[in-house]
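The data block below is coords.txt; it holds compact mmCIF, C-alpha atoms.
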```txt
# COMPACT_ATOMS: atom_id res chain seq x y z
CA MET A 264 -8.44 21.90 -66.04
CA GLY A 265 -6.90 25.13 -67.38
CA GLU A 266 -6.28 28.18 -65.22
CA ALA A 267 -8.88 30.33 -66.98
CA SER A 268 -11.64 27.73 -66.63
CA ARG A 269 -10.71 27.06 -63.01
CA LEU A 270 -10.82 30.74 -62.21
CA SER A 271 -14.15 31.16 -63.97
CA ARG A 272 -15.64 28.82 -61.37
CA LEU A 273 -14.42 31.23 -58.68
CA LEU A 274 -15.96 34.32 -60.23
CA PRO A 275 -19.25 34.03 -58.32
CA ASP A 276 -17.21 33.92 -55.13
CA PHE A 277 -15.30 37.03 -56.17
CA THR A 278 -18.57 38.84 -56.81
CA ALA A 279 -20.05 37.71 -53.51
CA ALA A 280 -16.92 38.78 -51.64
CA ALA A 281 -17.31 42.46 -52.48
CA GLY A 282 -17.61 44.87 -49.61
CA GLU A 283 -15.60 47.06 -47.27
CA GLY A 284 -14.24 46.35 -43.84
CA PRO A 285 -11.16 44.58 -42.42
CA VAL A 286 -9.66 41.73 -44.43
CA ARG A 287 -6.79 39.35 -43.77
CA SER A 288 -3.66 39.85 -45.87
CA PHE A 289 -1.63 37.04 -47.42
CA CYS A 290 1.66 38.68 -46.40
CA ARG A 291 2.16 36.85 -43.11
CA ALA A 292 5.86 36.21 -43.70
CA MET A 293 6.46 39.89 -44.46
CA TRP A 294 4.53 40.88 -41.36
CA GLY A 295 6.67 38.56 -39.26
CA GLY A 296 9.80 40.17 -40.73
CA VAL A 297 8.54 43.64 -39.86
CA LYS A 298 7.75 42.63 -36.28
CA ASP A 299 11.00 40.77 -35.56
CA GLY A 300 13.21 43.30 -37.34
CA THR A 301 14.56 41.00 -40.08
CA LEU A 302 12.80 43.05 -42.76
CA LYS A 303 14.03 46.61 -43.09
CA PRO A 304 10.99 48.91 -43.23
CA ASP A 305 12.30 50.91 -46.19
CA SER A 306 12.79 47.73 -48.24
CA ALA A 307 9.00 47.41 -48.48
CA ASN A 308 8.82 50.78 -50.31
CA ARG A 309 10.17 49.11 -53.45
CA PRO A 310 6.81 49.37 -55.32
CA ASN A 311 7.06 53.03 -56.37
CA GLY A 312 6.72 55.09 -59.50
CA LEU A 313 7.69 58.48 -60.89
CA THR A 314 6.22 60.00 -64.06
CA ARG A 315 6.57 63.30 -65.91
CA VAL A 316 3.60 65.69 -66.18
CA SER A 317 3.04 68.98 -67.95
CA ALA A 318 2.98 71.19 -64.83
CA ILE A 319 2.44 71.08 -61.08
CA ASN A 320 -0.82 72.43 -59.67
CA GLU A 321 -1.19 71.47 -56.03
CA ARG A 322 -4.98 71.69 -55.93
CA ALA A 323 -5.38 69.61 -59.09
CA LEU A 324 -2.90 67.12 -57.69
CA GLU A 325 -4.84 66.72 -54.45
CA LEU A 326 -8.04 66.19 -56.41
CA ALA A 327 -6.40 63.59 -58.64
CA PHE A 328 -5.13 61.66 -55.63
CA ALA A 329 -8.55 61.90 -53.99
CA ILE A 330 -10.12 60.31 -57.08
CA LEU A 331 -7.44 57.59 -57.07
CA LEU A 332 -8.21 56.80 -53.42
CA VAL A 333 -11.91 56.44 -54.17
CA ARG A 334 -11.07 54.02 -56.99
CA HIS A 335 -8.61 52.05 -54.85
CA PRO A 336 -9.52 52.51 -51.15
CA VAL A 337 -7.08 49.77 -50.12
CA LEU A 338 -4.36 52.43 -50.34
CA ASN A 339 -5.98 54.20 -47.39
CA CYS A 340 -5.53 51.41 -44.85
CA ARG A 341 -3.41 50.47 -41.89
CA ILE A 342 -2.14 47.08 -40.68
CA GLU A 343 -3.39 45.45 -37.49
CA ASP A 344 -2.06 42.25 -35.97
CA ARG A 345 -4.67 39.59 -35.27
CA ALA A 346 -3.31 36.30 -33.94
CA GLY A 347 -0.08 36.73 -35.90
CA PHE A 348 -1.81 37.60 -39.18
CA PRO A 349 -1.77 41.10 -40.73
CA TRP A 350 -5.22 42.54 -41.34
CA LEU A 351 -5.98 45.51 -43.60
CA ILE A 352 -8.08 48.03 -41.65
CA PRO A 353 -9.70 50.86 -43.67
CA LEU A 354 -9.05 54.39 -42.44
CA ASN A 355 -11.64 57.14 -42.38
CA ARG A 356 -12.28 58.54 -45.84
CA GLY A 357 -12.60 62.11 -44.68
CA GLY A 358 -9.91 64.73 -45.06
CA ARG A 359 -7.63 65.75 -47.90
CA PRO A 360 -5.10 63.25 -49.27
CA GLN A 361 -1.53 63.62 -48.09
CA VAL A 362 0.65 65.00 -50.90
CA GLU A 363 4.23 66.17 -50.33
CA LEU A 364 5.81 68.75 -52.63
CA LEU A 365 9.50 69.03 -53.53
CA ASP A 366 9.57 72.58 -54.91
CA TYR A 367 12.58 73.68 -56.97
CA ARG A 368 10.75 76.36 -58.96
CA SER A 369 12.31 79.45 -57.34
CA HIS A 370 15.80 79.92 -55.93
CA HIS A 371 16.39 76.16 -56.16
CA ASP A 372 16.19 76.24 -59.96
CA GLU A 373 19.97 75.97 -60.16
CA ALA A 374 19.93 72.64 -58.29
CA ASP A 375 21.40 69.88 -60.43
CA GLN A 376 19.67 66.60 -61.19
CA ASP A 377 21.61 64.65 -58.56
CA THR A 378 20.44 67.07 -55.86
CA VAL A 379 16.81 66.71 -56.89
CA GLU A 380 17.06 62.91 -57.07
CA GLU A 381 18.69 62.84 -53.64
CA ALA A 382 15.65 64.67 -52.27
CA ILE A 383 13.35 62.19 -54.03
CA GLY A 384 15.28 59.29 -52.51
CA ALA A 385 15.00 60.75 -49.01
CA LEU A 386 11.22 60.93 -49.43
CA VAL A 387 10.69 57.59 -51.19
CA TRP A 388 12.82 55.48 -48.87
CA ARG A 389 11.45 56.94 -45.63
CA PRO A 390 9.67 53.98 -44.00
CA ILE A 391 5.88 53.92 -44.04
CA ASP A 392 4.31 53.44 -40.61
CA VAL A 393 2.11 50.46 -41.48
CA GLU A 394 0.37 50.29 -38.10
CA THR A 395 -0.82 53.90 -38.41
CA GLY A 396 -1.26 54.14 -42.17
CA PRO A 397 -2.02 55.13 -44.81
CA LEU A 398 -0.06 52.60 -46.85
CA TYR A 399 0.89 55.06 -49.60
CA ARG A 400 2.91 58.25 -49.97
CA ALA A 401 2.12 60.69 -52.78
CA TYR A 402 4.45 63.49 -53.87
CA ALA A 403 5.26 65.93 -56.65
CA VAL A 404 8.53 67.42 -57.90
CA ALA A 405 8.44 70.91 -59.38
CA HIS A 406 11.71 72.08 -60.96
CA GLY A 407 13.33 73.47 -64.09
CA LEU A 408 15.51 70.51 -65.03
CA THR A 409 13.61 67.87 -66.96
CA GLY A 410 10.01 68.93 -66.37
CA SER A 411 7.63 68.37 -63.48
CA HIS A 412 6.95 64.92 -62.04
CA ILE A 413 4.47 63.18 -59.77
CA GLY A 414 5.36 60.11 -57.74
CA LEU A 415 3.68 57.44 -55.68
CA VAL A 416 5.05 54.99 -53.12
CA VAL A 417 2.84 52.09 -52.02
CA HIS A 418 3.79 49.61 -49.33
CA HIS A 419 4.52 46.11 -50.58
CA PHE A 420 1.76 44.77 -48.32
CA ILE A 421 -0.77 46.04 -50.85
CA ALA A 422 1.12 46.49 -54.13
CA ASP A 423 3.41 44.61 -56.46
CA ALA A 424 5.21 45.92 -59.57
CA VAL A 425 2.15 45.45 -61.80
CA ALA A 426 -0.08 47.27 -59.32
CA ILE A 427 2.19 50.32 -59.18
CA GLN A 428 2.20 50.52 -62.99
CA ILE A 429 -1.60 50.49 -63.01
CA LEU A 430 -1.74 53.19 -60.34
CA MET A 431 0.80 55.45 -62.06
CA THR A 432 -0.99 55.15 -65.41
CA GLU A 433 -4.31 56.06 -63.84
CA LEU A 434 -2.85 58.84 -61.71
CA ARG A 435 -1.17 60.61 -64.62
CA HIS A 436 -4.31 60.28 -66.75
CA ILE A 437 -6.57 61.64 -63.99
CA TYR A 438 -4.21 64.49 -63.13
CA GLU A 439 -3.80 65.74 -66.69
CA ILE A 440 -7.59 65.73 -67.18
CA VAL A 441 -8.19 67.56 -63.89
CA LEU A 442 -5.44 70.04 -64.78
CA ARG A 443 -7.38 70.93 -67.95
CA GLY A 444 -10.52 71.48 -65.88
CA GLU A 445 -12.33 68.51 -67.38
CA GLN A 446 -14.34 65.75 -65.73
CA PRO A 447 -12.49 62.40 -65.64
CA ARG A 448 -14.35 59.59 -67.41
CA LEU A 449 -12.78 56.32 -66.34
CA LYS A 450 -13.71 52.69 -66.67
CA PRO A 451 -14.67 50.93 -63.42
CA PRO A 452 -11.53 49.79 -61.59
CA GLY A 453 -12.63 46.15 -61.73
CA LEU A 454 -12.03 43.55 -59.05
CA SER A 455 -10.98 45.15 -55.75
CA TYR A 456 -8.09 43.78 -53.73
CA PRO A 457 -10.19 43.14 -50.58
CA SER A 458 -12.65 41.18 -52.74
CA TYR A 459 -9.77 39.14 -54.15
CA LEU A 460 -8.40 38.43 -50.66
CA ARG A 461 -11.79 37.35 -49.32
CA ALA A 462 -12.53 35.17 -52.34
CA MET A 463 -9.15 33.44 -52.19
CA THR A 464 -9.52 32.86 -48.45
CA ASN A 465 -12.98 31.36 -48.98
CA TRP A 466 -11.69 29.15 -51.80
CA ILE A 467 -8.65 27.92 -49.84
CA GLU A 468 -10.80 27.09 -46.82
CA GLY A 469 -13.52 25.47 -48.92
CA GLY A 470 -13.57 21.99 -50.44
CA ALA A 471 -12.08 22.79 -53.87
CA GLY A 472 -9.27 24.92 -52.51
CA ALA A 473 -8.50 22.48 -49.70
CA ALA A 474 -8.10 19.65 -52.23
CA VAL A 475 -5.65 21.64 -54.34
CA LEU A 476 -3.82 22.78 -51.21
CA SER A 477 -3.40 19.15 -50.18
CA GLN A 478 -1.84 18.33 -53.56
CA VAL A 479 0.64 21.18 -53.24
CA ILE A 480 1.68 20.19 -49.73
CA ASP A 481 2.04 16.52 -50.69
CA ARG A 482 4.38 17.52 -53.48
CA LEU A 483 6.45 19.71 -51.16
CA LYS A 484 6.97 16.76 -48.80
CA GLY A 485 9.52 15.61 -51.36
CA PHE A 486 11.31 18.97 -51.30
CA PRO A 487 14.99 18.15 -51.90
CA ARG A 488 17.65 19.14 -49.45
CA PHE A 489 19.53 22.16 -50.77
CA ASP A 490 23.04 22.11 -49.31
CA LEU A 491 23.94 25.59 -48.11
CA SER A 492 26.76 24.54 -45.80
CA ILE A 493 29.48 25.25 -48.37
CA ARG A 494 28.53 28.91 -48.33
CA HIS A 495 28.38 29.52 -44.60
CA GLY A 496 31.05 31.94 -43.49
CA ALA A 497 32.01 32.84 -47.04
CA THR A 498 33.05 36.42 -47.66
CA GLY A 499 31.96 38.79 -50.39
CA ALA A 500 29.33 41.37 -51.18
CA SER A 501 25.78 40.65 -50.05
CA GLU A 502 24.43 42.22 -53.24
CA GLU A 503 25.81 42.52 -56.77
CA PHE A 504 24.72 44.17 -59.99
CA PHE A 505 25.94 42.63 -63.22
CA VAL A 506 25.02 42.65 -66.89
CA LEU A 507 24.49 39.82 -69.34
CA GLU A 508 25.89 41.60 -72.36
CA ALA A 509 24.07 41.78 -75.71
CA GLU A 510 25.94 38.73 -77.04
CA VAL A 511 24.84 36.51 -74.15
CA ALA A 512 21.32 38.01 -74.07
CA SER A 513 20.96 37.36 -77.81
CA LYS A 514 21.99 33.73 -77.32
CA ILE A 515 19.36 33.35 -74.58
CA ARG A 516 16.61 34.77 -76.80
CA ALA A 517 17.73 32.73 -79.81
CA THR A 518 17.76 29.55 -77.73
CA ALA A 519 14.25 30.33 -76.46
CA ARG A 520 13.02 30.74 -80.06
CA THR A 521 14.74 27.52 -81.16
CA LEU A 522 13.21 25.52 -78.30
CA GLY A 523 9.80 27.19 -78.56
CA THR A 524 9.92 28.61 -75.06
CA SER A 525 10.61 31.92 -73.26
CA PRO A 526 13.87 33.59 -72.15
CA PHE A 527 12.54 33.24 -68.60
CA THR A 528 12.38 29.44 -68.94
CA VAL A 529 15.85 29.31 -70.53
CA LEU A 530 17.31 31.29 -67.60
CA LEU A 531 15.48 29.12 -65.06
CA ALA A 532 16.69 25.92 -66.76
CA ALA A 533 20.28 27.21 -66.81
CA GLN A 534 20.06 27.90 -63.07
CA ASN A 535 18.78 24.37 -62.54
CA ILE A 536 21.96 22.98 -64.10
CA PHE A 537 24.11 25.51 -62.26
CA LEU A 538 22.56 24.48 -58.91
CA LEU A 539 22.50 20.73 -59.49
CA PRO A 540 25.81 20.05 -57.67
CA TYR A 541 24.37 21.67 -54.54
CA CYS A 542 21.31 19.38 -54.41
CA ALA A 543 21.02 16.10 -52.57
CA ASN A 544 19.45 14.43 -55.62
CA ALA A 545 18.62 15.23 -59.26
CA THR A 546 15.60 17.38 -58.33
CA VAL A 547 16.44 21.08 -58.19
CA PRO A 548 14.27 23.49 -56.12
CA MET A 549 13.72 27.07 -57.26
CA LYS A 550 11.21 29.69 -56.21
CA VAL A 551 9.88 31.94 -58.95
CA ILE A 552 7.60 34.95 -58.75
CA THR A 553 4.12 34.40 -60.09
CA ALA A 554 1.18 36.76 -60.22
CA ALA A 555 -1.36 34.64 -62.12
CA ARG A 556 -2.05 37.92 -63.95
CA GLU A 557 -2.37 36.12 -67.27
CA LEU A 558 -5.87 35.30 -65.99
CA SER A 559 -8.03 38.16 -67.22
CA PRO A 560 -9.92 38.88 -63.94
CA LEU A 561 -6.55 39.37 -62.19
CA VAL A 562 -4.85 41.55 -64.80
CA ASN A 563 -5.90 44.91 -63.36
CA ILE A 564 -6.00 44.21 -59.63
CA VAL A 565 -4.25 46.84 -57.54
CA GLY A 566 -2.76 44.72 -54.80
CA ASN A 567 0.06 42.36 -53.91
CA VAL A 568 -0.94 39.48 -56.15
CA ALA A 569 2.63 38.35 -56.83
CA ASP A 570 3.81 35.37 -54.82
CA ARG A 571 6.58 32.78 -54.72
CA MET A 572 5.92 29.53 -56.51
CA VAL A 573 8.08 26.53 -55.64
CA VAL A 574 9.30 24.81 -58.83
CA LEU A 575 10.79 21.31 -58.47
CA SER A 576 12.55 20.23 -61.68
CA ASP A 577 13.52 16.55 -61.94
CA LEU A 578 16.67 16.34 -64.10
CA GLU A 579 17.37 12.64 -63.54
CA ARG A 580 16.87 11.60 -67.18
CA CYS A 581 18.24 14.75 -68.82
CA SER A 582 21.32 14.54 -71.04
CA SER A 583 21.17 17.88 -72.88
CA PHE A 584 20.15 21.44 -72.16
CA SER A 585 17.07 21.07 -74.35
CA ASP A 586 16.04 18.13 -72.12
CA VAL A 587 16.46 20.35 -69.05
CA VAL A 588 14.34 23.08 -70.63
CA ARG A 589 11.53 20.57 -71.27
CA GLN A 590 11.66 19.27 -67.70
CA THR A 591 11.67 22.82 -66.40
CA GLU A 592 8.61 23.59 -68.53
CA LYS A 593 6.81 20.57 -67.06
CA ALA A 594 7.64 21.69 -63.53
CA LEU A 595 6.39 25.20 -64.27
CA ALA A 596 3.18 23.86 -65.82
CA TRP A 597 2.43 21.82 -62.69
CA CYS A 598 2.92 24.88 -60.49
CA ARG A 599 0.82 27.13 -62.70
CA ARG A 600 -2.09 24.71 -62.41
CA HIS A 601 -1.97 25.40 -58.68
CA ALA A 602 -0.96 29.05 -58.83
CA LEU A 603 -4.06 30.19 -56.94
CA VAL A 604 -2.76 28.49 -53.79
CA ARG A 605 -0.86 31.31 -52.17
CA TYR A 606 2.52 30.54 -50.62
CA ASP A 607 1.46 32.28 -47.43
CA PHE A 608 -1.21 29.63 -46.88
CA ILE A 609 1.08 26.64 -47.44
CA GLN A 610 4.24 27.76 -45.67
CA ALA A 611 3.02 26.85 -42.16
CA ALA A 612 2.24 23.21 -43.04
CA PRO A 613 5.76 22.16 -44.13
CA GLU A 614 7.36 24.16 -41.33
CA ALA A 615 5.21 22.30 -38.80
CA THR A 616 6.82 19.03 -39.97
CA GLY A 617 10.31 20.49 -39.72
CA LEU A 618 10.73 20.80 -43.48
CA SER A 619 12.77 23.76 -44.72
CA LEU A 620 11.75 25.30 -48.04
CA ALA A 621 14.93 27.39 -48.38
CA ALA A 622 15.91 27.69 -52.04
CA PRO A 623 17.04 30.34 -54.51
CA VAL A 624 14.47 32.84 -55.78
CA PHE A 625 14.29 34.01 -59.41
CA ASN A 626 12.35 36.94 -60.84
CA PHE A 627 12.28 38.06 -64.49
CA ARG A 628 10.84 41.22 -65.97
CA THR A 629 10.86 43.10 -69.28
CA ILE A 630 10.99 46.90 -69.40
CA GLY A 631 11.93 47.73 -73.01
CA ARG A 632 15.02 49.35 -74.47
CA GLU A 633 14.52 52.77 -72.89
CA GLY A 634 14.24 51.46 -69.33
CA ALA A 635 16.81 51.85 -66.60
CA SER A 636 17.79 49.79 -63.59
CA PRO A 637 19.69 50.65 -60.39
CA GLY A 638 22.96 49.02 -61.45
CA ALA A 639 23.15 50.55 -64.90
CA THR A 640 24.77 53.73 -66.17
CA SER A 641 23.43 55.87 -68.99
CA ALA A 642 25.33 56.87 -72.10
CA SER A 643 24.81 60.54 -71.25
CA LYS A 644 23.95 61.77 -67.79
CA ALA A 645 22.22 64.81 -69.26
CA ASP A 646 19.91 62.63 -71.34
CA ARG A 647 18.62 60.38 -68.59
CA PRO A 648 15.18 61.17 -67.14
CA LEU A 649 14.57 62.09 -63.54
CA ARG A 650 14.39 58.87 -61.54
CA VAL A 651 14.04 57.40 -58.07
CA PRO A 652 17.58 56.63 -56.89
CA PRO A 653 18.29 53.12 -55.59
CA LEU A 654 18.03 52.40 -51.90
CA GLN A 655 21.43 53.29 -50.41
CA ALA A 656 21.11 51.42 -47.14
CA LYS A 657 21.88 47.72 -47.24
CA ARG A 658 18.70 45.89 -48.11
CA THR A 659 17.39 42.99 -46.10
CA ARG A 660 19.10 39.79 -47.15
CA PRO A 661 16.70 37.04 -48.21
CA ASN A 662 16.04 33.99 -46.08
CA ASP A 663 16.63 31.82 -49.13
CA ALA A 664 19.93 31.01 -50.85
CA TYR A 665 19.78 34.04 -53.10
CA TYR A 666 17.30 36.36 -54.81
CA LEU A 667 18.07 37.02 -58.48
CA VAL A 668 16.19 39.56 -60.59
CA VAL A 669 16.92 39.67 -64.34
CA THR A 670 15.58 42.70 -66.23
CA ASP A 671 15.41 42.36 -70.01
CA THR A 672 15.88 45.81 -71.59
CA GLY A 673 15.54 44.60 -75.18
CA ASP A 674 19.31 44.65 -75.64
CA GLU A 675 21.28 43.45 -72.64
CA MET A 676 19.90 41.80 -69.51
CA ARG A 677 20.62 43.57 -66.23
CA CYS A 678 20.85 41.49 -63.10
CA ASP A 679 20.58 42.19 -59.39
CA ILE A 680 21.44 39.35 -57.01
CA ARG A 681 21.08 39.45 -53.24
CA TYR A 682 22.75 36.62 -51.40
CA GLY A 683 20.90 35.12 -48.46
CA GLN A 684 22.05 32.12 -46.43
CA GLY A 685 25.72 32.39 -47.36
CA HIS A 686 27.50 33.33 -50.55
CA ILE A 687 28.18 31.42 -53.77
CA THR A 688 31.76 32.35 -54.54
CA GLY A 689 32.20 33.47 -58.12
CA PHE A 690 28.48 33.27 -58.88
CA VAL A 691 28.49 35.92 -61.61
CA GLU A 692 31.34 34.45 -63.63
CA GLN A 693 30.11 30.87 -63.25
CA PHE A 694 26.52 31.72 -64.13
CA ARG A 695 27.50 33.77 -67.19
CA LYS A 696 29.74 30.95 -68.46
CA THR A 697 27.02 28.34 -67.83
CA LEU A 698 24.53 30.37 -69.85
CA PHE A 699 26.92 30.97 -72.73
CA ASP A 700 27.98 27.32 -72.96
CA LEU A 701 24.46 25.91 -72.73
CA CYS A 702 22.98 28.34 -75.25
CA SER A 703 25.81 27.79 -77.73
CA ASP A 704 24.54 24.27 -78.43
CA PRO A 705 21.40 23.38 -76.44
CA ALA A 706 21.13 19.96 -78.11
CA ALA A 707 24.66 18.87 -77.15
CA ARG A 708 24.80 15.91 -74.78
CA PHE A 709 26.63 16.15 -71.48
CA GLY A 710 26.81 14.47 -68.10
CA MET A 711 24.32 16.01 -65.71
CA ARG A 712 26.12 15.08 -62.50
```

What does this structure look like when you write it as structure tokens?
Amino acid sequence: MGEASRLSRLLPDFTAAAGEGPVRSFCRAMWGGVKDGTLKPDSANRPNGLTRVSAINERALELAFAILLVRHPVLNCRIEDRAGFPWLIPLNRGGRPQVELLDYRSHHDEADQDTVEEAIGALVWRPIDVETGPLYRAYAVAHGLTGSHIGLVVHHFIADAVAIQILMTELRHIYEIVLRGEQPRLKPPGLSYPSYLRAMTNWIEGGAGAAVLSQVIDRLKGFPRFDLSIRHGATGASEEFFVLEAEVASKIRATARTLGTSPFTVLLAAQNIFLLPYCANATVPMKVITAARELSPLVNIVGNVADRMVVLSDLERCSSFSDVVRQTEKALAWCRRHALVRYDFIQAAPEATGLSLAAPVFNFRTIGREGASPGATSASKADRPLRVPPLQAKRTRPNDAYYLVVTDTGDEMRCDIRYGQGHITGFVEQFRKTLFDLCSDPAARFGMR
């Protein structure tokens, strides 16, 4: 059964789940990291956005944020521990929204862009007190450099990258309308995050969800051993930025077109080959980020819908890169059929049997040619827009082997890798060469092991 038709059977449950009040979050692993100190609090501020506006009017800004909070009340929550699970507890709706102003309109006008961005960074990366709430931080930047900006930080408990884009689009639209003295006319926000959480919990704990959950766990019982011992004690940076230049990126896209697949799948398949020597058998484990947002009811949810999906690719019978791509596609298809089973629900079952699900994590995103990423430099410093600077403090290292994010800008592909349980010496050079060789002739035969 396809994802859309399966989800359509859940829609009555989503409708029935509407309502306010406390609701259990899926982010149990994140909550555990916050409590035991393995997750740095500022790392969870990563979902944030900054956008240019025509002018700064503090009263209009407060009103715009107030409207946004009514549309998405999950922003105005705190986290409470209940038997080891994080619960979202709504705060009182009274009072004016909290909006911080970075004002460079007077004697600070001479401040350069780096100074302003440093002030933005100090505000954005200040940890959010999740147990007190609210789980957002709103701010504005008034200055004479590149125009005025408004920004929003939302804790990762309740927002992923898609959610912050939705919020920033709505916020700018609402603010500009309010600034003109007009009445905002907006479409209903759609499915609320608490409704989604309740519906998914009901489905998982019901007969249909329990059956699918059992299938997922049975498959994970064959999770291959991923040998990390060769990396223990290795030296090197815990995080690296690197670029897959236009030539390599073009080969990746051309290979995807030739094989009728996506650049994401090509990159995942190349990692499967790259990691094969570190696996106990011909099945390679990878965790990829999924949001199931291709399903229309989930497209516009403001919440943390993204989750890790364990992909097990069996390469036993593969003799060419095109074979590996096909096997990777099959593994992805299996996982997508079960994408509604959140990782947070299944992680306890394998751990109870002593099974470790440690594996590399891969995330892929497209931002267009004009986008920027933390590791990149602009052609002209004067031309680049005001931005949120990258987190300067060392980020929390992942519990898995590594966490790789590839951002496709439309030209090159910019990469950020954080190493977790050890360090793969020479990863960047080896991975770039693997990609180039495989994409040069994807049909060429070679020995897999």

- Exercise: Thr314 in chain A partners within 10 Å, all atoms listed in the file, chain neighbours under 3 positions left out, as a VMD selection string: chain A and resid 403 to 404 410 to 415 431 to 432 434 to 435 648 to 650

- Across A:Val529, A:Val565, A:Cys581, A:Leu539, the smallest distance to Gly453 in chain A, with all atoms listed in the file counted, is shown by A:Val565

Shell around Tyr402 in chain A at 12 Å using all atoms listed in the file, local window under 6 positions removed, as a PDB file with C-alpha atoms, keeping the file's coordinate frame:
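Wrote it out as part_24.pdb, contents follow:
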```pdb
ATOM      1  CA  ASN A 311       7.060  53.030 -56.370  1.00  0.00           C
ATOM      2  CA  GLY A 312       6.720  55.090 -59.500  1.00  0.00           C
ATOM      3  CA  LEU A 313       7.690  58.480 -60.890  1.00  0.00           C
ATOM      4  CA  THR A 314       6.220  60.000 -64.060  1.00  0.00           C
ATOM      5  CA  ILE A 319       2.440  71.080 -61.080  1.00  0.00           C
ATOM      6  CA  ASN A 320      -0.820  72.430 -59.670  1.00  0.00           C
ATOM      7  CA  GLU A 321      -1.190  71.470 -56.030  1.00  0.00           C
ATOM      8  CA  LEU A 324      -2.900  67.120 -57.690  1.00  0.00           C
ATOM      9  CA  GLU A 325      -4.840  66.720 -54.450  1.00  0.00           C
ATOM     10  CA  ALA A 327      -6.400  63.590 -58.640  1.00  0.00           C
ATOM     11  CA  PHE A 328      -5.130  61.660 -55.630  1.00  0.00           C
ATOM     12  CA  PRO A 360      -5.100  63.250 -49.270  1.00  0.00           C
ATOM     13  CA  GLN A 361      -1.530  63.620 -48.090  1.00  0.00           C
ATOM     14  CA  VAL A 362       0.650  65.000 -50.900  1.00  0.00           C
ATOM     15  CA  GLU A 363       4.230  66.170 -50.330  1.00  0.00           C
ATOM     16  CA  LEU A 364       5.810  68.750 -52.630  1.00  0.00           C
ATOM     17  CA  LEU A 365       9.500  69.030 -53.530  1.00  0.00           C
ATOM     18  CA  ASP A 366       9.570  72.580 -54.910  1.00  0.00           C
ATOM     19  CA  ALA A 382      15.650  64.670 -52.270  1.00  0.00           C
ATOM     20  CA  ILE A 383      13.350  62.190 -54.030  1.00  0.00           C
ATOM     21  CA  GLY A 384      15.280  59.290 -52.510  1.00  0.00           C
ATOM     22  CA  ALA A 385      15.000  60.750 -49.010  1.00  0.00           C
ATOM     23  CA  LEU A 386      11.220  60.930 -49.430  1.00  0.00           C
ATOM     24  CA  VAL A 387      10.690  57.590 -51.190  1.00  0.00           C
ATOM     25  CA  SER A 411       7.630  68.370 -63.480  1.00  0.00           C
ATOM     26  CA  HIS A 412       6.950  64.920 -62.040  1.00  0.00           C
ATOM     27  CA  ILE A 413       4.470  63.180 -59.770  1.00  0.00           C
ATOM     28  CA  GLY A 414       5.360  60.110 -57.740  1.00  0.00           C
ATOM     29  CA  LEU A 415       3.680  57.440 -55.680  1.00  0.00           C
ATOM     30  CA  VAL A 416       5.050  54.990 -53.120  1.00  0.00           C
ATOM     31  CA  VAL A 417       2.840  52.090 -52.020  1.00  0.00           C
ATOM     32  CA  LEU A 434      -2.850  58.840 -61.710  1.00  0.00           C
TER      33      LEU A 434
END
```

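CA of Leu603 in chain A to CA of Met572 in chain A spans 10.0 Å [interatomic distance, one decimal].
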
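The space separating CA of Ser455 in chain A from CA of Val574 in chain A comes to 28.9 Å.
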
Taking (7.5, 54.1, -39.6) in the file's own coordinates, collect the residues within 12 Å, counting only C-alpha atoms, and hand them back as a PDB file with C-alpha atoms, in the frame of the given file.
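Once written, part-v7.pdb looks like this:
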```pdb
ATOM      1  CA  VAL A 297       8.540  43.640 -39.860  1.00  0.00           C
ATOM      2  CA  LYS A 298       7.750  42.630 -36.280  1.00  0.00           C
ATOM      3  CA  LYS A 303      14.030  46.610 -43.090  1.00  0.00           C
ATOM      4  CA  PRO A 304      10.990  48.910 -43.230  1.00  0.00           C
ATOM      5  CA  ASP A 305      12.300  50.910 -46.190  1.00  0.00           C
ATOM      6  CA  SER A 306      12.790  47.730 -48.240  1.00  0.00           C
ATOM      7  CA  ALA A 307       9.000  47.410 -48.480  1.00  0.00           C
ATOM      8  CA  ASN A 308       8.820  50.780 -50.310  1.00  0.00           C
ATOM      9  CA  ARG A 341      -3.410  50.470 -41.890  1.00  0.00           C
ATOM     10  CA  ILE A 342      -2.140  47.080 -40.680  1.00  0.00           C
ATOM     11  CA  TRP A 388      12.820  55.480 -48.870  1.00  0.00           C
ATOM     12  CA  ARG A 389      11.450  56.940 -45.630  1.00  0.00           C
ATOM     13  CA  PRO A 390       9.670  53.980 -44.000  1.00  0.00           C
ATOM     14  CA  ILE A 391       5.880  53.920 -44.040  1.00  0.00           C
ATOM     15  CA  ASP A 392       4.310  53.440 -40.610  1.00  0.00           C
ATOM     16  CA  VAL A 393       2.110  50.460 -41.480  1.00  0.00           C
ATOM     17  CA  GLU A 394       0.370  50.290 -38.100  1.00  0.00           C
ATOM     18  CA  THR A 395      -0.820  53.900 -38.410  1.00  0.00           C
ATOM     19  CA  GLY A 396      -1.260  54.140 -42.170  1.00  0.00           C
ATOM     20  CA  PRO A 397      -2.020  55.130 -44.810  1.00  0.00           C
ATOM     21  CA  LEU A 398      -0.060  52.600 -46.850  1.00  0.00           C
ATOM     22  CA  HIS A 418       3.790  49.610 -49.330  1.00  0.00           C
TER      23      HIS A 418
END
```

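The coordinates place CA of Phe625 in chain A at 4.9 Å from CA of Leu667 in chain A.
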
Using all atoms of range 390-406 of chain A listed in the file and a margin of 3 Å per side, can you give the axis-aligned box centre and edge lengths in Å to one decimal, as lines of an AutoDock Vina configuration file?
```
center_x = 4.8
center_y = 61.2
center_z = -49.5
size_x = 19.7
size_y = 27.8
size_z = 28.9
```
